[in-house]
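**Student:** Dropping the structure in here first, questions after.
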Amino acid sequence: MSARTDPDTEYELLVAVVTNTVPESTLSLVLDALRRDGTEPVDVVVLYTGSPQAAAGRTLDALLRDRNVDVMRTPHAMRAGEARQFLIEHTARYRFVAFLDDDCVPLPGWLPAVRAACADPLPTALFFGPRYPVAAAGAGSLVRALETRSSRKLALVTGPDAPEAVVDPKVLSAAGNIIVSVAAAGELGLTGPLFSRTAFEDVDFQLRAARHGWIVQFHSRLEVEHHDELDVSALLRKSWHSGKGMARCSALYAADFWQRCRWRPWRALVSWAVALACLGAALLQPWAAAGALLPVVLNTCLHLRELRGAPLLHRATYLLVKPVRDLAIGLGFVTHRIAGRFTSRPNGNRVALPAGATTAAQRGALNEHGDMGTSRTH
């Protein structure tokens, strides 16, 4: 399962498992699932993004002692997007890299589905698939799991006529379960400079690749279980970064981004503003205090699907934490949109195309597959 070292030979596929804190409970599940899946061996590397001096690095050494898996360590602590870019720059001999987070456990059949995707003749920059939430410790994990019930990605794989593949899907990719074309990443840069230290770097690559004429595909058989262990504070930190990433994507891609994104950050800001105004008015009119419940009422109305069938305690937790999560996303979004208006913006978010790079027109001549957003079966 270790990565190959012959610099003069091109190989088809490398699977990279990205880890920062080395959660033994899930990382071992990911590696074991890769070892059992399929009949052919696959090159696997664990991409460690933490500090070289951190205790997690020693934990990783112990975890991999009896496993035939290589480790690539970033030269210093990096966020996941930076680390993926670092790996791409050092894996030119592979045609595709499949990235998994250390809490995304592949389901049986994932590896054959990855190989089938890599054999697709369309000039595809990015494949991604569904992540099914698994109950984990922490209120943050519970909220994210309930949110997933209304996920557009999961809607693509439910129902009797769900397609195996969708070209240019109107959903956002999820970096914990993606396959990247090394050629496309080399041409465009996998992680843009605006996104190297924040979230939505995968969405930026998804939209940037489409604008440059590459194909993006959703494959329903690229299935993983997401063992997301988050407490409330970790969820709110992620939410802030999500709002920041949304602000940058909306500034760069406008309608192309919003037609794929189900989040509307301003809804939470408006509901919280009204709630605070009602609390202020309660000093004069006590009945106005009822308006302070607007964020909870709004979430109840908007998320009935997520709450249906959930235990009472889970519903209560969701209704208490979800409005605060949405507020954190909204504040991150607005803060960074405002900051972007008063600070100088870099000249775009793209790297210059190298000489001889495939152009969108050339790929378009090869890509006579009909309308974008259509489903495909194999």
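Each chain in the structure tokens gets a letter, A, B, ..., in the order shown, and its residues are numbered from 1; ligands are numbered from 1 in order too.
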From a DSSP pass on the backbone, collect the residues of segment 82-278 of chain A flagged as strand (DSSP E) and hand them back as a PyMOL selection string.
**Tutor:** chain A and resi 94-101+104-106+124-128+131-133+165-167+177-181+215-219+224-226
**Student:** As a PyMOL selection string, please: every residue in segment 40-253 of chain A that a backbone DSSP assignment puts in helix (DSSP H, G or I).
**Tutor:** chain A and resi 55-63+80-88+110-118+139-150+152-157+182-188+193-195+201-211+232-253
**Student:** With only C-alpha atoms as the basis for distance, which of A:Asp161, A:Glu12, A:Glu229, A:Asp120 is at the shortest distance from Cys104 of chain A?
**Tutor:**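 So, comparing all the options, the nearest one is A:Glu229.
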**Student:** Using only C-alpha atoms, which of A:Gln217, A:Ser239, A:Ser25, A:Thr198 sits nearest Glu164 of chain A?
**Tutor:** A:Gln217
**Student:** For Ala77 of chain A, which residue among A:Thr158, A:Ser141, A:Thr59, A:Thr21 is the nearest when counting only C-alpha atoms?
**Tutor:**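 Residue with the minimum atom-to-atom distance to Ala77 of chain A: A:Thr21.
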**Student:** Name the residues in contact with segment 254-263 of chain A at a cut-off of 6 Å, using only C-alpha atoms, excluding same-chain residues fewer than 2 positions from it; report them as a list in words.
**Tutor:**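 Selected residues are Lys170, Val171, Leu172, Ser250 and Ala251 of chain A.
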**Student:** So how many Å separate atom CA of Ser150 of chain A and atom CA of Ala310 of chain A, to one decimal?
**Tutor:**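 Atom CA of Ala310 of chain A lies 13.7 Å from atom CA of Ser150 of chain A.
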**Student:** Excluding Leu47 of chain A and its own-chain neighbours fewer than 4 positions away, which residues fall within 8 Å of it when counting only C-alpha atoms? Please give them as a ChimeraX atom specification.
**Tutor:** /A:16-19,71-74,83,87
**Student:** Can you tell me which residues surround Val114 of chain A at a distance of at most 8 Å, considering only C-alpha atoms, apart from same-chain residues fewer than 4 positions away, and format the answer as an mmCIF file with N, CA and C atoms, in the first residue's frame?
**Tutor:**
data_model
loop_
_atom_site.group_PDB
_atom_site.id
_atom_site.type_symbol
_atom_site.label_atom_id
_atom_site.label_comp_id
_atom_site.auth_asym_id
_atom_site.auth_seq_id
_atom_site.Cartn_x
_atom_site.Cartn_y
_atom_site.Cartn_z
ATOM 1 N N ALA A 98 -6.486 10.708 -4.904
ATOM 2 C CA ALA A 98 -7.747 10.646 -4.167
ATOM 3 C C ALA A 98 -7.460 11.062 -2.723
ATOM 4 N N TRP A 110 -15.612 1.550 -2.614
ATOM 5 C CA TRP A 110 -15.095 2.903 -2.867
ATOM 6 C C TRP A 110 -13.892 2.867 -3.796
ATOM 7 N N CYS A 118 -11.315 7.320 -12.501
ATOM 8 C CA CYS A 118 -10.050 7.699 -13.125
ATOM 9 C C CYS A 118 -9.971 7.251 -14.584
ATOM 10 N N ILE A 179 -11.374 13.248 -5.673
ATOM 11 C CA ILE A 179 -10.302 12.773 -6.550
ATOM 12 C C ILE A 179 -9.899 13.949 -7.429
ATOM 13 N N LEU A 222 -18.785 6.800 -4.836
ATOM 14 C CA LEU A 222 -17.624 7.227 -4.044
ATOM 15 C C LEU A 222 -18.099 7.539 -2.627
#
**Student:** Hey, can you check how far atom CA of Gly340 of chain A sits from atom CA of Glu201 of chain A?
**Tutor:**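 Answer for the atom CA of Gly340 of chain A to atom CA of Glu201 of chain A separation: 17.2 Å.
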**Student:** So, counting only C-alpha atoms, which residue among A:Ile338, A:Leu190, A:Leu294, A:Val30 is closest to Phe86 of chain A?
**Tutor:**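 Distance minimum relative to Phe86 of chain A lands on A:Leu190.
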**Student:** Report, in Å to a single decimal, how far apart atom CA of Val134 of chain A and atom CA of Val46 of chain A are.
**Tutor:**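 Between atom CA of Val46 of chain A and atom CA of Val134 of chain A the gap is 22.4 Å.
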